[in-house]
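Asks: This one is data-v7.txt, compact mmCIF, C-alpha atoms.
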```txt
# COMPACT_ATOMS: atom_id res chain seq x y z
CA MET A 139 0.00 0.00 0.00
CA ILE A 140 1.11 3.54 -0.68
CA LYS A 141 1.13 5.75 2.42
CA LYS A 142 1.96 9.36 1.68
CA ILE A 143 3.82 11.68 -0.64
CA ASP A 144 7.46 11.25 0.31
CA HIS A 145 8.57 14.23 -1.77
CA ILE A 146 8.03 16.18 -4.95
CA ALA A 147 10.90 16.82 -7.35
CA VAL A 148 11.55 19.92 -9.42
CA VAL A 149 14.11 20.45 -12.19
CA VAL A 150 15.69 23.91 -12.16
CA LYS A 151 18.27 25.84 -14.15
CA ASP A 152 20.06 27.39 -11.17
CA ILE A 153 19.87 25.38 -7.96
CA ASP A 154 21.31 28.07 -5.69
CA LYS A 155 18.73 30.57 -6.89
CA ALA A 156 15.98 27.94 -6.44
CA VAL A 157 17.12 27.04 -2.90
CA LYS A 158 17.06 30.72 -1.92
CA SER A 159 13.70 31.25 -3.57
CA TYR A 160 11.96 28.35 -1.78
CA ALA A 161 13.61 29.34 1.51
CA ASP A 162 12.42 32.94 1.18
CA MET A 163 8.93 32.12 -0.03
CA PHE A 164 7.97 29.30 2.32
CA GLY A 165 10.78 28.78 4.83
CA PHE A 166 12.13 25.59 3.24
CA LYS A 167 15.39 24.47 4.89
CA VAL A 168 18.16 22.42 3.27
CA LEU A 169 18.39 18.81 4.50
CA GLU A 170 21.02 17.48 2.10
CA ARG A 171 22.98 18.48 -0.97
CA ARG A 172 24.53 15.81 -3.18
CA GLU A 173 26.03 15.32 -6.59
CA GLY A 174 24.71 12.61 -8.92
CA PRO A 175 26.80 9.75 -10.36
CA GLY A 176 29.40 10.98 -12.84
CA GLY A 177 28.67 14.59 -11.91
CA GLU A 178 25.54 14.50 -14.10
CA PHE A 179 23.48 16.62 -11.73
CA VAL A 180 23.38 18.27 -8.34
CA SER A 181 20.36 17.87 -6.07
CA VAL A 182 19.18 19.49 -2.86
CA MET A 183 16.54 18.03 -0.57
CA MET A 184 14.64 20.70 1.38
CA SER A 185 11.80 20.56 3.88
CA ALA A 186 9.08 22.80 5.30
CA GLY A 187 6.52 21.36 7.70
CA ASP A 188 5.86 17.81 6.50
CA ILE A 189 6.73 18.73 2.91
CA ARG A 190 9.90 17.49 1.28
CA LEU A 191 11.01 19.12 -1.95
CA GLU A 192 13.91 17.84 -4.04
CA LEU A 193 15.55 20.22 -6.51
CA PHE A 194 17.67 18.94 -9.41
CA GLN A 195 19.99 20.93 -11.66
CA PRO A 196 21.66 19.09 -14.55
CA LEU A 197 25.42 19.71 -14.77
CA LYS A 198 25.95 17.89 -18.07
CA LYS A 199 24.05 17.49 -21.32
CA ASP A 200 22.16 14.43 -22.53
CA ASN A 201 20.73 13.22 -19.26
CA SER A 202 17.07 13.02 -18.27
CA PHE A 203 17.16 16.31 -16.33
CA SER A 204 18.87 18.31 -19.09
CA ARG A 205 16.44 16.92 -21.67
CA PHE A 206 13.51 17.81 -19.39
CA LEU A 207 14.82 21.40 -19.07
CA GLU A 208 15.26 21.73 -22.84
CA GLU A 209 11.86 20.30 -23.68
CA LYS A 210 9.66 21.68 -20.90
CA GLY A 211 11.67 24.25 -18.96
CA SER A 212 11.99 24.20 -15.19
CA GLY A 213 9.09 22.71 -13.23
CA LEU A 214 7.62 19.63 -11.57
CA HIS A 215 9.56 16.52 -12.61
CA HIS A 216 8.17 13.68 -10.51
CA VAL A 217 6.24 12.80 -7.38
CA SER A 218 7.40 10.14 -4.95
CA PHE A 219 4.92 7.87 -3.17
CA ALA A 220 6.13 6.17 0.02
CA THR A 221 5.30 2.50 0.43
CA ASP A 222 6.25 -0.08 3.02
CA ASP A 223 6.51 -2.86 0.42
CA ILE A 224 7.97 -1.76 -2.91
CA MET A 225 8.30 -5.34 -4.21
CA LYS A 226 4.58 -5.92 -3.75
CA GLU A 227 3.78 -2.63 -5.51
CA LEU A 228 5.96 -3.56 -8.47
CA GLU A 229 4.49 -7.07 -8.67
CA ASN A 230 0.99 -5.62 -8.69
CA LEU A 231 1.89 -3.16 -11.46
CA LYS A 232 3.62 -5.84 -13.53
CA ALA A 233 0.60 -8.15 -13.15
CA GLN A 234 -1.49 -5.34 -14.67
CA GLY A 235 0.95 -4.94 -17.56
CA LYS A 236 1.89 -1.39 -16.54
CA LYS A 237 5.06 -0.02 -18.10
CA LEU A 238 7.85 0.49 -15.56
CA GLN A 239 11.13 2.33 -15.88
CA ASN A 240 12.62 0.02 -13.25
CA GLU A 241 11.46 -3.60 -13.17
CA GLU A 242 13.37 -4.12 -9.93
CA PRO A 243 14.01 -1.64 -7.09
CA ILE A 244 17.22 0.38 -7.14
CA GLN A 245 19.08 0.26 -3.83
CA MET A 246 19.96 3.77 -2.62
CA PRO A 247 21.94 4.48 0.58
CA ASP A 248 18.77 5.03 2.62
CA ALA A 249 15.94 3.63 0.51
CA LYS A 250 14.78 1.41 -2.33
CA ILE A 251 13.25 3.26 -5.28
CA ALA A 252 11.64 2.45 -8.63
CA PHE A 253 10.12 4.66 -11.32
CA ILE A 254 6.90 3.94 -13.17
CA HIS A 255 6.81 5.07 -16.80
CA PRO A 256 4.74 8.26 -17.29
CA SER A 257 2.75 6.54 -20.05
CA ALA A 258 1.29 4.22 -17.39
CA ALA A 259 0.17 7.08 -15.12
CA GLU A 260 -1.45 9.77 -17.29
CA GLY A 261 1.83 11.49 -18.05
CA VAL A 262 2.98 11.64 -14.42
CA LEU A 263 6.43 10.32 -13.57
CA ILE A 264 5.88 8.45 -10.29
CA GLU A 265 8.67 7.22 -8.04
CA LEU A 266 7.93 4.52 -5.48
CA ILE A 267 10.15 4.69 -2.41
CA GLN A 268 10.59 2.34 0.52
CA ARG A 269 12.72 3.95 3.20
CA GLY A 270 14.75 2.23 5.89
CA MET B 100 3.61 28.47 7.80
CA ILE B 101 3.02 25.76 5.26
CA LYS B 102 2.25 22.38 6.81
CA LYS B 103 1.96 19.60 4.27
CA ILE B 104 1.07 18.76 0.69
CA ASP B 105 -2.72 18.98 0.59
CA HIS B 106 -2.91 17.39 -2.85
CA ILE B 107 -1.28 17.11 -6.25
CA ALA B 108 -3.25 17.87 -9.39
CA VAL B 109 -3.01 16.14 -12.76
CA VAL B 110 -4.57 17.16 -16.08
CA VAL B 111 -5.83 14.22 -18.13
CA LYS B 112 -7.54 13.63 -21.47
CA ASP B 113 -10.02 11.01 -20.23
CA ILE B 114 -10.95 11.28 -16.57
CA ASP B 115 -12.81 7.97 -16.37
CA LYS B 116 -9.80 6.13 -17.74
CA ALA B 117 -7.52 8.02 -15.33
CA VAL B 118 -9.72 7.27 -12.30
CA LYS B 119 -9.70 3.57 -13.17
CA SER B 120 -5.96 3.60 -13.79
CA TYR B 121 -5.06 5.20 -10.43
CA ALA B 122 -7.54 2.93 -8.64
CA ASP B 123 -6.05 -0.19 -10.24
CA MET B 124 -2.41 0.83 -9.82
CA PHE B 125 -2.42 2.16 -6.24
CA GLY B 126 -5.89 1.66 -4.75
CA PHE B 127 -6.94 5.32 -5.01
CA LYS B 128 -10.62 5.80 -4.10
CA VAL B 129 -12.93 8.56 -5.33
CA LEU B 130 -13.78 11.20 -2.69
CA GLU B 131 -15.67 13.69 -4.86
CA ARG B 132 -16.53 14.38 -8.49
CA ARG B 133 -17.54 17.85 -9.55
CA GLU B 134 -18.00 19.99 -12.61
CA GLY B 135 -16.25 23.36 -12.89
CA PRO B 136 -18.02 26.72 -13.41
CA GLY B 137 -19.65 26.98 -16.84
CA GLY B 138 -18.95 23.30 -17.51
CA GLU B 139 -15.33 24.17 -18.34
CA PHE B 140 -13.92 21.04 -16.74
CA VAL B 141 -14.71 17.99 -14.65
CA SER B 142 -12.56 17.08 -11.65
CA VAL B 143 -12.27 14.06 -9.38
CA MET B 144 -10.56 14.09 -5.99
CA MET B 145 -9.14 10.68 -5.05
CA SER B 146 -7.21 9.43 -2.04
CA ALA B 147 -4.88 6.59 -1.08
CA GLY B 148 -3.28 6.56 2.36
CA ASP B 149 -2.55 10.20 3.19
CA ILE B 150 -2.23 11.12 -0.49
CA ARG B 151 -4.85 13.21 -2.22
CA LEU B 152 -4.80 13.35 -6.00
CA GLU B 153 -7.03 15.67 -8.02
CA LEU B 154 -7.67 14.84 -11.67
CA PHE B 155 -8.91 17.47 -14.14
CA GLN B 156 -10.29 16.93 -17.62
CA PRO B 157 -11.14 20.02 -19.68
CA LEU B 158 -14.60 19.86 -21.28
CA LYS B 159 -14.28 23.04 -23.36
CA LYS B 160 -11.53 24.76 -25.32
CA ASP B 161 -9.59 27.88 -24.33
CA ASN B 162 -9.30 27.32 -20.61
CA SER B 163 -6.14 26.77 -18.60
CA PHE B 164 -6.54 22.97 -18.53
CA SER B 165 -7.20 22.61 -22.27
CA ARG B 166 -4.20 24.85 -23.05
CA PHE B 167 -2.05 22.78 -20.69
CA LEU B 168 -3.11 19.57 -22.48
CA GLU B 169 -2.37 21.06 -25.89
CA GLU B 170 1.01 22.44 -24.91
CA LYS B 171 2.36 19.78 -22.57
CA GLY B 172 0.07 16.76 -22.77
CA SER B 173 -1.37 15.08 -19.68
CA GLY B 174 0.69 15.27 -16.50
CA LEU B 175 1.34 17.10 -13.25
CA HIS B 176 -0.41 20.48 -13.25
CA HIS B 177 0.06 21.92 -9.76
CA VAL B 178 0.89 21.09 -6.16
CA SER B 179 -1.16 22.38 -3.25
CA PHE B 180 0.50 23.38 0.04
CA ALA B 181 -1.74 23.49 3.12
CA THR B 182 -1.36 26.49 5.40
CA ASP B 183 -3.24 27.63 8.49
CA ASP B 184 -2.93 31.31 7.51
CA ILE B 185 -3.23 31.99 3.79
CA MET B 186 -3.42 35.78 4.28
CA LYS B 187 -0.08 35.79 6.04
CA GLU B 188 1.49 33.65 3.30
CA LEU B 189 0.22 36.00 0.60
CA GLU B 190 1.41 39.09 2.50
CA ASN B 191 4.86 37.56 2.86
CA LEU B 192 5.02 36.74 -0.86
CA LYS B 193 3.79 40.21 -1.86
CA ALA B 194 6.37 41.84 0.43
CA GLN B 195 9.04 39.90 -1.51
CA GLY B 196 7.61 41.07 -4.83
CA LYS B 197 6.69 37.53 -5.91
CA LYS B 198 4.24 37.28 -8.79
CA LEU B 199 0.86 35.87 -7.74
CA GLN B 200 -2.01 34.61 -9.86
CA ASN B 201 -4.40 35.56 -7.04
CA GLU B 202 -3.61 38.63 -4.95
CA GLU B 203 -6.44 37.72 -2.59
CA PRO B 204 -7.69 34.27 -1.56
CA ILE B 205 -10.57 32.74 -3.51
CA GLN B 206 -13.35 31.45 -1.25
CA MET B 207 -14.29 27.87 -2.14
CA PRO B 208 -17.07 25.91 -0.41
CA ASP B 209 -14.65 24.24 2.00
CA ALA B 210 -11.42 26.24 1.75
CA LYS B 211 -9.64 29.43 0.75
CA ILE B 212 -7.15 29.06 -2.10
CA ALA B 213 -4.67 31.20 -4.03
CA PHE B 214 -2.24 30.38 -6.84
CA ILE B 215 1.32 31.65 -7.08
CA HIS B 216 2.58 32.31 -10.60
CA PRO B 217 4.94 29.57 -11.87
CA SER B 218 7.53 32.22 -12.78
CA ALA B 219 7.94 32.93 -9.04
CA ALA B 220 8.55 29.28 -8.15
CA GLU B 221 10.95 27.77 -10.70
CA GLY B 222 8.18 26.84 -13.12
CA VAL B 223 6.02 25.11 -10.51
CA LEU B 224 2.38 26.16 -10.22
CA ILE B 225 1.77 26.24 -6.45
CA GLU B 226 -1.64 26.50 -4.85
CA LEU B 227 -1.92 27.63 -1.25
CA ILE B 228 -4.94 26.22 0.57
CA GLN B 229 -6.42 26.97 3.97
CA ARG B 230 -9.13 24.47 4.81
CA GLY B 231 -12.01 24.89 7.24
```
Mind turning this structure into structure tokens?

Replies:
Amino acid sequence: MIKKIDHIAVVVKDIDKAVKSYADMFGFKVLERREGPGGEFVSVMMSAGDIRLELFQPLKKDNSFSRFLEEKGSGLHHVSFATDDIMKELENLKAQGKKLQNEEPIQMPDAKIAFIHPSAAEGVLIELIQRG
Amino acid sequence: MIKKIDHIAVVVKDIDKAVKSYADMFGFKVLERREGPGGEFVSVMMSAGDIRLELFQPLKKDNSFSRFLEEKGSGLHHVSFATDDIMKELENLKAQGKKLQNEEPIQMPDAKIAFIHPSAAEGVLIELIQRG
């Protein structure tokens, strides 16, 4: 079962400007800043109240974030739904023939994640995340 | 202060198909179906766990949802942040010179809402909502 929105993710052109903007507007505070594999992107996780917002800025060309910026401009990139059983979610989706970007969960330092293809979810890129 | 994500909103081409899809994929259940002013659109609020998802299908041309569909296709339209003091949020944003779509809150049957212009928030259309 999905439980809550873990975070929303936004692609931006200038992450420092975006961090300042969300801090000024709504009091978001930085939780973590990290660089993606191969220096492809930099990301900052911020929070305000129970909201977690992840900002991504591509640092190189020809990755999914740079293509998103070129095609659509900055804006909402994906939404992440928290689940306590990501394997069960993926099995359910596969049984329904839904198109997945990740057939198996990807192990991150603090969570397992998997993306569902936007074509399966009315154009929305959905991440499933199981923390802990 | 903003508290949590009240809901995320998605524009779709076929709302009945979208309702079935989100129900099948994640167990979302319909809370409310309503038609917009002048029959411009139909919307369905759904929930799963603590997640609320609002689907919009334009029924006429030349409104913000139909233009969104034409320009970007179906997908994430806006995110709604819950606050307990929408007036204070708007005053803070105005004091910073941020561009708003609504300078004053709009009174809905069950809430006050106001939209911030995407240009003020890195391309993200943000709704502020004060319920009750």

Asks: From the list A:Gly213, A:Gly174, A:Gly165, A:Pro256, which residue is nearest Gly187 of chain A when using only C-alpha atoms?

Replies: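 Closest residue, counting only C-alpha atoms: A:Gly165.
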
Asks: Can I get the residues of chain A within 8 Å of chain B, each with the closest pair of atoms and their distance in Å to one decimal, using only C-alpha atoms, sorted chain first then ascending number, as JSON lines?

Replies:
```
{"residue": "A:Met139", "atom": "CA", "partner": "B:Phe125", "partner_atom": "CA", "distance": 7.0}
{"residue": "A:Ile140", "atom": "CA", "partner": "B:Gly148", "partner_atom": "CA", "distance": 6.1}
{"residue": "A:Lys141", "atom": "CA", "partner": "B:Gly148", "partner_atom": "CA", "distance": 4.5}
{"residue": "A:Lys142", "atom": "CA", "partner": "B:Asp149", "partner_atom": "CA", "distance": 4.8}
{"residue": "A:Ile143", "atom": "CA", "partner": "B:Ile150", "partner_atom": "CA", "distance": 6.1}
{"residue": "A:Val148", "atom": "CA", "partner": "B:Val223", "partner_atom": "CA", "distance": 7.7}
{"residue": "A:Val150", "atom": "CA", "partner": "B:Glu221", "partner_atom": "CA", "distance": 6.3}
{"residue": "A:Ala156", "atom": "CA", "partner": "B:Glu221", "partner_atom": "CA", "distance": 6.6}
{"residue": "A:Ser159", "atom": "CA", "partner": "B:Ala220", "partner_atom": "CA", "distance": 7.2}
{"residue": "A:Tyr160", "atom": "CA", "partner": "B:Ala220", "partner_atom": "CA", "distance": 7.3}
{"residue": "A:Met163", "atom": "CA", "partner": "B:Leu192", "partner_atom": "CA", "distance": 6.1}
{"residue": "A:Phe164", "atom": "CA", "partner": "B:Ile101", "partner_atom": "CA", "distance": 6.8}
{"residue": "A:Gly165", "atom": "CA", "partner": "B:Met100", "partner_atom": "CA", "distance": 7.8}
{"residue": "A:Ala186", "atom": "CA", "partner": "B:Ile101", "partner_atom": "CA", "distance": 6.7}
{"residue": "A:Gly187", "atom": "CA", "partner": "B:Lys102", "partner_atom": "CA", "distance": 4.5}
{"residue": "A:Asp188", "atom": "CA", "partner": "B:Lys103", "partner_atom": "CA", "distance": 4.8}
{"residue": "A:Ile189", "atom": "CA", "partner": "B:Lys103", "partner_atom": "CA", "distance": 5.0}
{"residue": "A:Lys210", "atom": "CA", "partner": "B:Lys171", "partner_atom": "CA", "distance": 7.7}
{"residue": "A:Gly211", "atom": "CA", "partner": "B:Gly222", "partner_atom": "CA", "distance": 7.3}
{"residue": "A:Ser212", "atom": "CA", "partner": "B:Gly222", "partner_atom": "CA", "distance": 5.1}
{"residue": "A:Gly213", "atom": "CA", "partner": "B:Gly222", "partner_atom": "CA", "distance": 4.2}
{"residue": "A:Leu214", "atom": "CA", "partner": "B:Val223", "partner_atom": "CA", "distance": 5.8}
{"residue": "A:Glu227", "atom": "CA", "partner": "B:Phe125", "partner_atom": "CA", "distance": 7.9}
{"residue": "A:Asn230", "atom": "CA", "partner": "B:Met124", "partner_atom": "CA", "distance": 7.4}
{"residue": "A:Leu231", "atom": "CA", "partner": "B:Met124", "partner_atom": "CA", "distance": 6.1}
{"residue": "A:Gln234", "atom": "CA", "partner": "B:Met124", "partner_atom": "CA", "distance": 7.9}
{"residue": "A:Ala259", "atom": "CA", "partner": "B:Ser120", "partner_atom": "CA", "distance": 7.2}
{"residue": "A:Glu260", "atom": "CA", "partner": "B:Ser173", "partner_atom": "CA", "distance": 5.8}
{"residue": "A:Gly261", "atom": "CA", "partner": "B:Gly174", "partner_atom": "CA", "distance": 4.2}
{"residue": "A:Val262", "atom": "CA", "partner": "B:Gly174", "partner_atom": "CA", "distance": 4.8}
```

Asks: Quick one: residues within 9 Å of Val129 of chain B, all atoms listed in the file, excluding same-chain residues fewer than 3 positions away - as a PyMOL selection string?

Replies: chain B and resi 118+122+132+143-146

Asks: Could you pull the residues within 9 Å of Gly270 of chain A, counting all atoms listed in the file, minus those fewer than 2 positions along the same chain, as an mmCIF file with C-alpha atoms, in the coordinates of the input?

Replies:
```
data_model
loop_
_atom_site.group_PDB
_atom_site.id
_atom_site.type_symbol
_atom_site.label_atom_id
_atom_site.label_comp_id
_atom_site.auth_asym_id
_atom_site.auth_seq_id
_atom_site.Cartn_x
_atom_site.Cartn_y
_atom_site.Cartn_z
ATOM 1 C CA ASP A 248 18.770 5.030 2.620
ATOM 2 C CA ALA A 249 15.940 3.630 0.510
ATOM 3 C CA LYS A 250 14.780 1.410 -2.330
ATOM 4 C CA GLN A 268 10.590 2.340 0.520
#
```

Asks: Could you work out how far atom CA of Ile254 of chain A lies from atom CA of Met225 of chain A, giving the answer in Å with one decimal?

Replies: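 Distance reported for this atom pair: 13.0 Å.
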
Asks: Just the number, please: distance in Å from atom CA of Ala108 of chain B to atom CA of Arg205 of chain A, one decimal.

Replies: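 One can read the atom CA of Ala108 of chain B to atom CA of Arg205 of chain A distance as 23.2 Å.
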
Asks: Could you state the separation of atom CA of Glu265 of chain A and atom CA of Ser204 of chain A in Å, given to one decimal place?

Replies: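 Taking atom CA of Glu265 of chain A as the start and atom CA of Ser204 of chain A as the end point, the length is 18.7 Å.
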